[in-house]
Structures are given as C-alpha cells and as structure tokens.
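*Asks:* Pasting model13.tsv here (TSV, N, CA and C atoms):
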chain	number	residue	atom	x	y	z
A	1	MET	N	-13.00	-4.14	12.30
A	1	MET	CA	-12.18	-4.92	11.41
A	1	MET	C	-11.25	-3.98	10.64
A	2	ALA	N	-10.02	-4.40	10.46
A	2	ALA	CA	-9.04	-3.58	9.75
A	2	ALA	C	-9.45	-3.43	8.29
A	3	ILE	N	-9.09	-2.29	7.71
A	3	ILE	CA	-9.47	-1.99	6.33
A	3	ILE	C	-8.94	-3.04	5.36
A	4	HIS	N	-7.69	-3.52	5.58
A	4	HIS	CA	-7.15	-4.53	4.66
A	4	HIS	C	-7.92	-5.85	4.77
A	5	ASN	N	-8.45	-6.17	5.95
A	5	ASN	CA	-9.27	-7.38	6.10
A	5	ASN	C	-10.59	-7.24	5.35
A	6	GLU	N	-11.18	-6.05	5.42
A	6	GLU	CA	-12.43	-5.79	4.69
A	6	GLU	C	-12.20	-5.90	3.18
A	7	LEU	N	-11.09	-5.36	2.71
A	7	LEU	CA	-10.76	-5.45	1.29
A	7	LEU	C	-10.57	-6.91	0.89
A	8	GLY	N	-9.90	-7.67	1.73
A	8	GLY	CA	-9.69	-9.09	1.45
A	8	GLY	C	-10.99	-9.87	1.39
A	9	ARG	N	-11.90	-9.61	2.31
A	9	ARG	CA	-13.21	-10.29	2.29
A	9	ARG	C	-14.00	-9.91	1.04
A	10	TRP	N	-13.94	-8.64	0.66
A	10	TRP	CA	-14.60	-8.19	-0.56
A	10	TRP	C	-14.02	-8.93	-1.76
A	11	GLY	N	-12.70	-9.02	-1.83
A	11	GLY	CA	-12.05	-9.72	-2.94
A	11	GLY	C	-12.44	-11.19	-2.99
A	12	GLU	N	-12.54	-11.83	-1.84
A	12	GLU	CA	-12.95	-13.24	-1.80
A	12	GLU	C	-14.39	-13.40	-2.29
A	13	SER	N	-15.25	-12.47	-1.95
A	13	SER	CA	-16.63	-12.51	-2.43
A	13	SER	C	-16.69	-12.33	-3.95
A	14	ILE	N	-15.90	-11.40	-4.46
A	14	ILE	CA	-15.83	-11.17	-5.91
A	14	ILE	C	-15.34	-12.45	-6.59
A	15	ALA	N	-14.30	-13.08	-6.03
A	15	ALA	CA	-13.74	-14.30	-6.61
A	15	ALA	C	-14.76	-15.43	-6.60
A	16	ALA	N	-15.50	-15.58	-5.50
A	16	ALA	CA	-16.51	-16.65	-5.40
A	16	ALA	C	-17.62	-16.42	-6.43
A	17	GLU	N	-18.07	-15.19	-6.57
A	17	GLU	CA	-19.10	-14.88	-7.56
A	17	GLU	C	-18.59	-15.17	-8.98
A	18	TYR	N	-17.35	-14.81	-9.24
A	18	TYR	CA	-16.72	-15.07	-10.54
A	18	TYR	C	-16.71	-16.57	-10.83
A	19	LEU	N	-16.28	-17.37	-9.85
A	19	LEU	CA	-16.23	-18.82	-10.04
A	19	LEU	C	-17.62	-19.40	-10.30
A	20	GLU	N	-18.60	-18.94	-9.55
A	20	GLU	CA	-19.97	-19.42	-9.75
A	20	GLU	C	-20.47	-19.10	-11.16
A	21	ARG	N	-20.15	-17.90	-11.65
A	21	ARG	CA	-20.55	-17.54	-13.02
A	21	ARG	C	-19.88	-18.45	-14.05
A	22	LYS	N	-18.68	-18.95	-13.71
A	22	LYS	CA	-17.94	-19.85	-14.60
A	22	LYS	C	-18.39	-21.30	-14.46
A	23	GLY	N	-19.36	-21.56	-13.57
A	23	GLY	CA	-19.89	-22.91	-13.43
A	23	GLY	C	-19.29	-23.73	-12.30
A	24	TYR	N	-18.42	-23.14	-11.50
A	24	TYR	CA	-17.85	-23.84	-10.36
A	24	TYR	C	-18.89	-23.89	-9.24
A	25	ALA	N	-18.82	-24.93	-8.43
A	25	ALA	CA	-19.67	-25.03	-7.24
A	25	ALA	C	-18.79	-24.73	-6.03
A	26	ILE	N	-19.17	-23.74	-5.24
A	26	ILE	CA	-18.41	-23.39	-4.05
A	26	ILE	C	-18.73	-24.41	-2.96
A	27	VAL	N	-17.69	-25.04	-2.42
A	27	VAL	CA	-17.84	-26.06	-1.38
A	27	VAL	C	-17.58	-25.45	0.00
A	28	GLU	N	-16.53	-24.66	0.11
A	28	GLU	CA	-16.14	-24.04	1.38
A	28	GLU	C	-15.57	-22.66	1.10
A	29	ARG	N	-15.74	-21.79	2.09
A	29	ARG	CA	-15.06	-20.49	2.06
A	29	ARG	C	-14.35	-20.32	3.39
A	30	ASP	N	-13.12	-19.84	3.33
A	30	ASP	CA	-12.32	-19.58	4.53
A	30	ASP	C	-12.19	-20.84	5.40
A	31	TRP	N	-11.80	-21.94	4.77
A	31	TRP	CA	-11.61	-23.21	5.46
A	31	TRP	C	-10.31	-23.17	6.25
A	32	HIS	N	-10.35	-23.61	7.49
A	32	HIS	CA	-9.18	-23.55	8.36
A	32	HIS	C	-8.63	-24.92	8.72
A	33	SER	N	-7.32	-24.99	8.76
A	33	SER	CA	-6.58	-26.13	9.27
A	33	SER	C	-5.61	-25.55	10.29
A	34	GLY	N	-6.01	-25.55	11.54
A	34	GLY	CA	-5.21	-24.87	12.56
A	34	GLY	C	-5.22	-23.38	12.27
A	35	HIS	N	-4.05	-22.77	12.21
A	35	HIS	CA	-3.98	-21.34	11.92
A	35	HIS	C	-3.83	-21.05	10.43
A	36	ARG	N	-3.78	-22.09	9.61
A	36	ARG	CA	-3.71	-21.93	8.16
A	36	ARG	C	-5.12	-21.92	7.57
A	37	ASP	N	-5.25	-21.31	6.39
A	37	ASP	CA	-6.57	-21.30	5.76
A	37	ASP	C	-6.46	-21.44	4.25
A	38	ILE	N	-7.58	-21.84	3.68
A	38	ILE	CA	-7.75	-21.86	2.23
A	38	ILE	C	-8.95	-20.96	1.96
A	39	ASP	N	-8.76	-19.97	1.10
A	39	ASP	CA	-9.79	-18.96	0.87
A	39	ASP	C	-11.09	-19.57	0.32
A	40	ILE	N	-10.97	-20.34	-0.75
A	40	ILE	CA	-12.15	-20.94	-1.39
A	40	ILE	C	-11.80	-22.37	-1.79
A	41	ILE	N	-12.72	-23.28	-1.54
A	41	ILE	CA	-12.63	-24.63	-2.07
A	41	ILE	C	-13.85	-24.81	-2.95
A	42	ALA	N	-13.62	-25.20	-4.19
A	42	ALA	CA	-14.71	-25.30	-5.16
A	42	ALA	C	-14.58	-26.61	-5.94
A	43	ARG	N	-15.63	-26.92	-6.69
A	43	ARG	CA	-15.63	-28.07	-7.59
A	43	ARG	C	-15.75	-27.56	-9.02
A	44	ASP	N	-14.89	-28.09	-9.86
A	44	ASP	CA	-14.94	-27.82	-11.29
A	44	ASP	C	-15.06	-29.18	-11.96
A	45	GLY	N	-16.28	-29.59	-12.23
A	45	GLY	CA	-16.52	-30.95	-12.72
A	45	GLY	C	-16.15	-31.95	-11.64
A	46	MET	N	-15.26	-32.85	-11.94
A	46	MET	CA	-14.84	-33.89	-10.99
A	46	MET	C	-13.62	-33.46	-10.17
A	47	GLU	N	-13.15	-32.26	-10.38
A	47	GLU	CA	-11.92	-31.80	-9.74
A	47	GLU	C	-12.22	-30.83	-8.59
A	48	THR	N	-11.52	-31.04	-7.47
A	48	THR	CA	-11.58	-30.10	-6.36
A	48	THR	C	-10.55	-29.01	-6.63
A	49	VAL	N	-10.97	-27.77	-6.49
A	49	VAL	CA	-10.09	-26.64	-6.77
A	49	VAL	C	-9.90	-25.82	-5.50
A	50	PHE	N	-8.65	-25.70	-5.08
A	50	PHE	CA	-8.28	-24.87	-3.94
A	50	PHE	C	-7.89	-23.51	-4.52
A	51	VAL	N	-8.52	-22.45	-4.01
A	51	VAL	CA	-8.32	-21.13	-4.59
A	51	VAL	C	-7.74	-20.18	-3.55
A	52	GLU	N	-6.60	-19.63	-3.88
A	52	GLU	CA	-5.99	-18.57	-3.08
A	52	GLU	C	-6.36	-17.26	-3.74
A	53	VAL	N	-6.96	-16.35	-2.98
A	53	VAL	CA	-7.39	-15.06	-3.51
A	53	VAL	C	-6.45	-13.97	-2.98
A	54	LYS	N	-5.94	-13.17	-3.89
A	54	LYS	CA	-5.11	-12.02	-3.52
A	54	LYS	C	-5.79	-10.76	-4.02
A	55	THR	N	-6.09	-9.87	-3.10
A	55	THR	CA	-6.78	-8.63	-3.43
A	55	THR	C	-5.84	-7.46	-3.15
A	56	ARG	N	-5.77	-6.56	-4.11
A	56	ARG	CA	-4.94	-5.36	-3.96
A	56	ARG	C	-5.72	-4.16	-4.48
A	57	ARG	N	-5.47	-3.02	-3.89
A	57	ARG	CA	-6.11	-1.78	-4.36
A	57	ARG	C	-5.64	-1.46	-5.77
A	58	ASN	N	-4.35	-1.69	-6.03
A	58	ASN	CA	-3.77	-1.45	-7.35
A	58	ASN	C	-2.56	-2.36	-7.49
A	59	ASP	N	-1.97	-2.37	-8.65
A	59	ASP	CA	-0.78	-3.20	-8.86
A	59	ASP	C	0.46	-2.34	-9.10
A	60	ASN	N	0.49	-1.18	-8.45
A	60	ASN	CA	1.61	-0.25	-8.62
A	60	ASN	C	2.93	-0.81	-8.12
A	61	PHE	N	2.91	-1.59	-7.05
A	61	PHE	CA	4.15	-2.03	-6.43
A	61	PHE	C	4.50	-3.47	-6.76
A	62	ILE	N	3.50	-4.33	-6.80
A	62	ILE	CA	3.75	-5.75	-7.03
A	62	ILE	C	2.49	-6.37	-7.63
A	63	GLU	N	2.69	-7.25	-8.57
A	63	GLU	CA	1.55	-7.99	-9.11
A	63	GLU	C	0.96	-8.81	-7.97
A	64	PRO	N	-0.35	-8.84	-7.83
A	64	PRO	CA	-0.96	-9.54	-6.69
A	64	PRO	C	-0.53	-11.00	-6.55
A	65	GLU	N	-0.38	-11.72	-7.68
A	65	GLU	CA	0.01	-13.13	-7.58
A	65	GLU	C	1.41	-13.32	-7.03
A	66	MET	N	2.24	-12.27	-7.08
A	66	MET	CA	3.59	-12.36	-6.52
A	66	MET	C	3.54	-12.44	-5.00
A	67	ALA	N	2.41	-12.10	-4.40
A	67	ALA	CA	2.25	-12.21	-2.95
A	67	ALA	C	2.08	-13.67	-2.50
A	68	VAL	N	1.92	-14.58	-3.47
A	68	VAL	CA	1.87	-16.00	-3.12
A	68	VAL	C	3.33	-16.47	-3.10
A	69	ASP	N	4.03	-15.99	-2.08
A	69	ASP	CA	5.46	-16.26	-1.96
A	69	ASP	C	5.70	-17.66	-1.39
A	70	TRP	N	6.96	-18.00	-1.21
A	70	TRP	CA	7.31	-19.35	-0.77
A	70	TRP	C	6.68	-19.68	0.58
A	71	LYS	N	6.66	-18.75	1.50
A	71	LYS	CA	6.06	-18.99	2.82
A	71	LYS	C	4.56	-19.28	2.69
A	72	LYS	N	3.86	-18.50	1.88
A	72	LYS	CA	2.43	-18.73	1.67
A	72	LYS	C	2.20	-20.06	0.96
A	73	GLN	N	3.07	-20.39	0.02
A	73	GLN	CA	2.95	-21.66	-0.68
A	73	GLN	C	3.12	-22.84	0.28
A	74	GLN	N	4.03	-22.72	1.21
A	74	GLN	CA	4.22	-23.78	2.22
A	74	GLN	C	2.95	-23.94	3.05
A	75	SER	N	2.37	-22.85	3.45
A	75	SER	CA	1.13	-22.88	4.22
A	75	SER	C	0.01	-23.53	3.41
A	76	LEU	N	-0.10	-23.15	2.14
A	76	LEU	CA	-1.11	-23.75	1.28
A	76	LEU	C	-0.87	-25.24	1.10
A	77	ARG	N	0.38	-25.61	0.89
A	77	ARG	CA	0.73	-27.02	0.71
A	77	ARG	C	0.26	-27.85	1.90
A	78	LEU	N	0.51	-27.36	3.11
A	78	LEU	CA	0.11	-28.08	4.32
A	78	LEU	C	-1.41	-28.12	4.48
A	79	SER	N	-2.07	-27.01	4.21
A	79	SER	CA	-3.53	-26.95	4.32
A	79	SER	C	-4.20	-27.88	3.31
A	80	ILE	N	-3.74	-27.82	2.07
A	80	ILE	CA	-4.30	-28.67	1.03
A	80	ILE	C	-4.08	-30.14	1.36
A	81	ASN	N	-2.88	-30.47	1.82
A	81	ASN	CA	-2.58	-31.85	2.19
A	81	ASN	C	-3.55	-32.34	3.27
A	82	HIS	N	-3.81	-31.51	4.27
A	82	HIS	CA	-4.75	-31.87	5.33
A	82	HIS	C	-6.14	-32.11	4.75
A	83	TYR	N	-6.63	-31.20	3.93
A	83	TYR	CA	-7.97	-31.31	3.36
A	83	TYR	C	-8.07	-32.56	2.47
A	84	VAL	N	-7.07	-32.77	1.64
A	84	VAL	CA	-7.08	-33.91	0.70
A	84	VAL	C	-7.14	-35.23	1.47
A	85	LYS	N	-6.33	-35.35	2.50
A	85	LYS	CA	-6.32	-36.59	3.29
A	85	LYS	C	-7.61	-36.77	4.07
A	86	TRP	N	-8.09	-35.70	4.68
A	86	TRP	CA	-9.29	-35.76	5.53
A	86	TRP	C	-10.53	-36.10	4.71
A	87	ASN	N	-10.60	-35.56	3.49
A	87	ASN	CA	-11.77	-35.74	2.64
A	87	ASN	C	-11.58	-36.74	1.51
A	88	ARG	N	-10.43	-37.39	1.50
A	88	ARG	CA	-10.12	-38.42	0.48
A	88	ARG	C	-10.30	-37.88	-0.94
A	89	VAL	N	-9.75	-36.72	-1.18
A	89	VAL	CA	-9.82	-36.09	-2.49
A	89	VAL	C	-8.77	-36.72	-3.41
A	90	VAL	N	-9.19	-37.05	-4.62
A	90	VAL	CA	-8.28	-37.68	-5.57
A	90	VAL	C	-7.76	-36.68	-6.60
A	91	ARG	N	-8.67	-35.94	-7.23
A	91	ARG	CA	-8.28	-34.98	-8.27
A	91	ARG	C	-8.41	-33.57	-7.74
A	92	PHE	N	-7.31	-32.83	-7.79
A	92	PHE	CA	-7.35	-31.46	-7.29
A	92	PHE	C	-6.29	-30.62	-7.96
A	93	ARG	N	-6.48	-29.30	-7.82
A	93	ARG	CA	-5.48	-28.35	-8.31
A	93	ARG	C	-5.58	-27.08	-7.45
A	94	LEU	N	-4.57	-26.24	-7.60
A	94	LEU	CA	-4.55	-24.94	-6.93
A	94	LEU	C	-4.68	-23.86	-7.98
A	95	ASP	N	-5.63	-22.97	-7.79
A	95	ASP	CA	-5.79	-21.79	-8.64
A	95	ASP	C	-5.52	-20.56	-7.79
A	96	VAL	N	-5.07	-19.51	-8.43
A	96	VAL	CA	-4.92	-18.21	-7.77
A	96	VAL	C	-5.81	-17.23	-8.53
A	97	ILE	N	-6.61	-16.50	-7.78
A	97	ILE	CA	-7.41	-15.43	-8.39
A	97	ILE	C	-6.95	-14.12	-7.78
A	98	THR	N	-6.59	-13.19	-8.64
A	98	THR	CA	-6.22	-11.86	-8.17
A	98	THR	C	-7.37	-10.91	-8.48
A	99	VAL	N	-7.65	-10.06	-7.51
A	99	VAL	CA	-8.69	-9.03	-7.64
A	99	VAL	C	-8.01	-7.70	-7.39
A	100	THR	N	-8.03	-6.84	-8.38
A	100	THR	CA	-7.38	-5.53	-8.25
A	100	THR	C	-8.44	-4.45	-8.35
A	101	GLY	N	-8.53	-3.65	-7.28
A	101	GLY	CA	-9.51	-2.57	-7.24
A	101	GLY	C	-10.09	-2.45	-5.85
A	102	THR	N	-11.12	-1.63	-5.73
A	102	THR	CA	-11.83	-1.45	-4.47
A	102	THR	C	-13.32	-1.35	-4.79
A	103	PRO	N	-14.17	-1.55	-3.78
A	103	PRO	CA	-15.60	-1.42	-4.03
A	103	PRO	C	-15.98	-0.04	-4.59
A	104	GLU	N	-15.28	0.98	-4.16
A	104	GLU	CA	-15.58	2.35	-4.59
A	104	GLU	C	-15.18	2.61	-6.05
A	105	GLN	N	-14.25	1.83	-6.58
A	105	GLN	CA	-13.75	2.06	-7.94
A	105	GLN	C	-14.62	1.41	-9.01
A	106	GLY	N	-15.60	0.65	-8.62
A	106	GLY	CA	-16.43	-0.03	-9.63
A	106	GLY	C	-15.90	-1.43	-9.90
A	107	ALA	N	-16.08	-1.89	-11.12
A	107	ALA	CA	-15.73	-3.27	-11.48
A	107	ALA	C	-14.22	-3.50	-11.34
A	108	PRO	N	-13.84	-4.50	-10.54
A	108	PRO	CA	-12.41	-4.78	-10.36
A	108	PRO	C	-11.85	-5.58	-11.54
A	109	LEU	N	-10.54	-5.60	-11.63
A	109	LEU	CA	-9.84	-6.43	-12.60
A	109	LEU	C	-9.64	-7.80	-11.95
A	110	ILE	N	-10.08	-8.86	-12.63
A	110	ILE	CA	-9.95	-10.22	-12.10
A	110	ILE	C	-9.04	-11.01	-13.01
A	111	ASN	N	-8.07	-11.68	-12.42
A	111	ASN	CA	-7.16	-12.55	-13.15
A	111	ASN	C	-7.22	-13.93	-12.51
A	112	HIS	N	-7.58	-14.93	-13.30
A	112	HIS	CA	-7.71	-16.30	-12.80
A	112	HIS	C	-6.56	-17.13	-13.36
A	113	ILE	N	-5.68	-17.55	-12.47
A	113	ILE	CA	-4.54	-18.38	-12.86
A	113	ILE	C	-4.87	-19.81	-12.48
A	114	GLN	N	-5.19	-20.63	-13.47
A	114	GLN	CA	-5.53	-22.02	-13.20
A	114	GLN	C	-4.28	-22.87	-13.07
A	115	ASP	N	-4.36	-23.85	-12.17
A	115	ASP	CA	-3.28	-24.81	-11.96
A	115	ASP	C	-1.97	-24.11	-11.64
A	116	PHE	N	-2.02	-23.23	-10.65
A	116	PHE	CA	-0.84	-22.49	-10.19
A	116	PHE	C	0.20	-23.50	-9.68
A	117	GLN	N	1.40	-23.39	-10.17
A	117	GLN	CA	2.45	-24.33	-9.80
A	117	GLN	C	3.21	-23.82	-8.57
A	118	LEU	N	3.21	-24.63	-7.53
A	118	LEU	CA	3.94	-24.27	-6.33
A	118	LEU	C	5.43	-24.43	-6.57
A	119	ALA	N	6.19	-23.52	-6.00
A	119	ALA	CA	7.64	-23.59	-6.10
A	119	ALA	C	8.16	-24.72	-5.23
A	120	MET	N	9.14	-25.40	-5.72
A	120	MET	CA	9.76	-26.47	-4.93
A	120	MET	C	11.11	-25.96	-4.41
A	121	ARG	N	11.42	-26.34	-3.20
A	121	ARG	CA	12.70	-25.95	-2.61
A	121	ARG	C	13.43	-27.15	-2.15
When written as structure tokens, how does the structure in this file appear?
*Replies:*
Amino acid sequence: MAIHNELGRWGESIAAEYLERKGYAIVERDWHSGHRDIDIIARDGMETVFVEVKTRRNDNFIEPEMAVDWKKQQSLRLSINHYVKWNRVVRFRLDVITVTGTPEQGAPLINHIQDFQLAMR
C-alpha cells in the first residue's frame, strides 16, 4: 500500500475515534457509491453526519480543508445524494475533519468543521 494511503487510513481511524469520544455513533466507514466514497458516516443524535477526512503530514503548503475542492465536493454531493435516497435519510449534514501529523509525531492536530458548506456553481 502506498504511504499516502496508509496515512489516510490512519487519519480516518483518528477521526472515527475522535467522533466516538464526542458521542457520535459510527454507522459506516469507507462507504462506496461506484467509484466515489464517503470516509465516515455517523449519527449525531437524530442527524446523519457524512464526514470527509483530510489527513496531511503538515500544513506547510495548504490547509487540509482546502483539499475539499470543487471536484471533491461534486463527488461528495453525488455520493451523499445516493446514500440519502437509498436509506431514506431525512436529517443530515456534511462535516470535514482534518488530521495533521503522522503516527510517529505523536498526538495529531484535529480540526472538526461541522456543517461544511458545499460551494455552488
């Protein structure tokens, strides 16, 4: 497995653990709709939360949440739409969790952006 894939899986695990500590119930991890995916699907009370996780070694070049660009947002929009229709979800939101660091560096920096607003074009 490529090193960046390993870092991404580590970041997703960190994000899932973080959400569980906050009282969220993890419903799915790495859910696929064709070639698109949603990193984490969780429940926060009565609300379904779709979570995009961005993991970076550092934030020297770009803030991790900036990687949720228009193309990624389109992919998320389509994936979420599929899941919502298939599972008859009524209340939902998109969160972005950024994880900055590596397993070797110790505790990573976690930033949880609730109700991330997708750009409209």
*Asks:* With DSSP run on the backbone, what are the strand (DSSP E or B) residues within chain A? I'd like them as an NGL selection string.
*Replies:* :A and (25-33 or 36-44 or 47-56 or 92-100 or 109-113)
*Asks:* When you count all atoms listed in the file, which of these residues is closest to Ala15 of chain A: A:Asp115, A:Thr98, A:Glu104, A:Phe50?
*Replies:*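 Going through A:Asp115, A:Thr98, A:Glu104, A:Phe50 one by one, the smallest distance to Ala15 of chain A is for A:Thr98.
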*Asks:* Rounded to one decimal, what separation in Å do you get between atom N of Val27 of chain A and atom CA of Arg57 of chain A?
*Replies:*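 Atom CA of Arg57 of chain A lies at a distance of 26.1 Å from atom N of Val27 of chain A.
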*Asks:* Listed atoms of segment 100-112 of chain A, axis-aligned box, 6 Å per side: centre and edge lengths to one decimal in Å, as AutoDock Vina command-line options?
*Replies:*
--center_x -11.5 --center_y -7.3 --center_z -8.6 --size_x 21.9 --size_y 31.7 --size_z 21.6
*Asks:* Between A:His35, A:Pro108, A:Ile40, A:Ser79, which one has atoms that come closest to Ala16 of chain A, using only N, CA and C atoms?
*Replies:*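 Between A:His35, A:Pro108, A:Ile40, A:Ser79, the residue approaching Ala16 of chain A most closely is A:Ile40.
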*Asks:* Could you tell me how far atom CA of Leu118 of chain A sits from atom CA of Val49 of chain A, in Å to one decimal place?
*Replies:*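 Calculated distance between atom CA of Val49 of chain A and atom CA of Leu118 of chain A is 14.2 Å.
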*Asks:* Residues of segment 50-111 of chain A in helix (DSSP H, G or I) according to DSSP, as an MDAnalysis selection string?
*Replies:* chainID A and resid 64:67 70:87 103:105
*Asks:* Counting only N, CA and C atoms, which residue out of A:Glu47, A:Asp59, A:Asp30, A:Glu65 sits closest to Arg93 of chain A?
*Replies:*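 The closest residue to Arg93 of chain A is A:Glu47.
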*Asks:* Taking 5 positions as the minimum chain separation for residues in the same chain, which residues sit within 12 Å of Met66 of chain A when counting only C-alpha atoms? Answer as a list in words.
*Replies:*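 After dropping sequence-adjacent residues, the list is Glu52, Val53, Lys54, Thr55, Arg56, Asp59, Phe61, Lys71, Lys72, Gln73, Val96, Ile97, Thr98, Ile113, Phe116, Leu118 and Ala119 of chain A.
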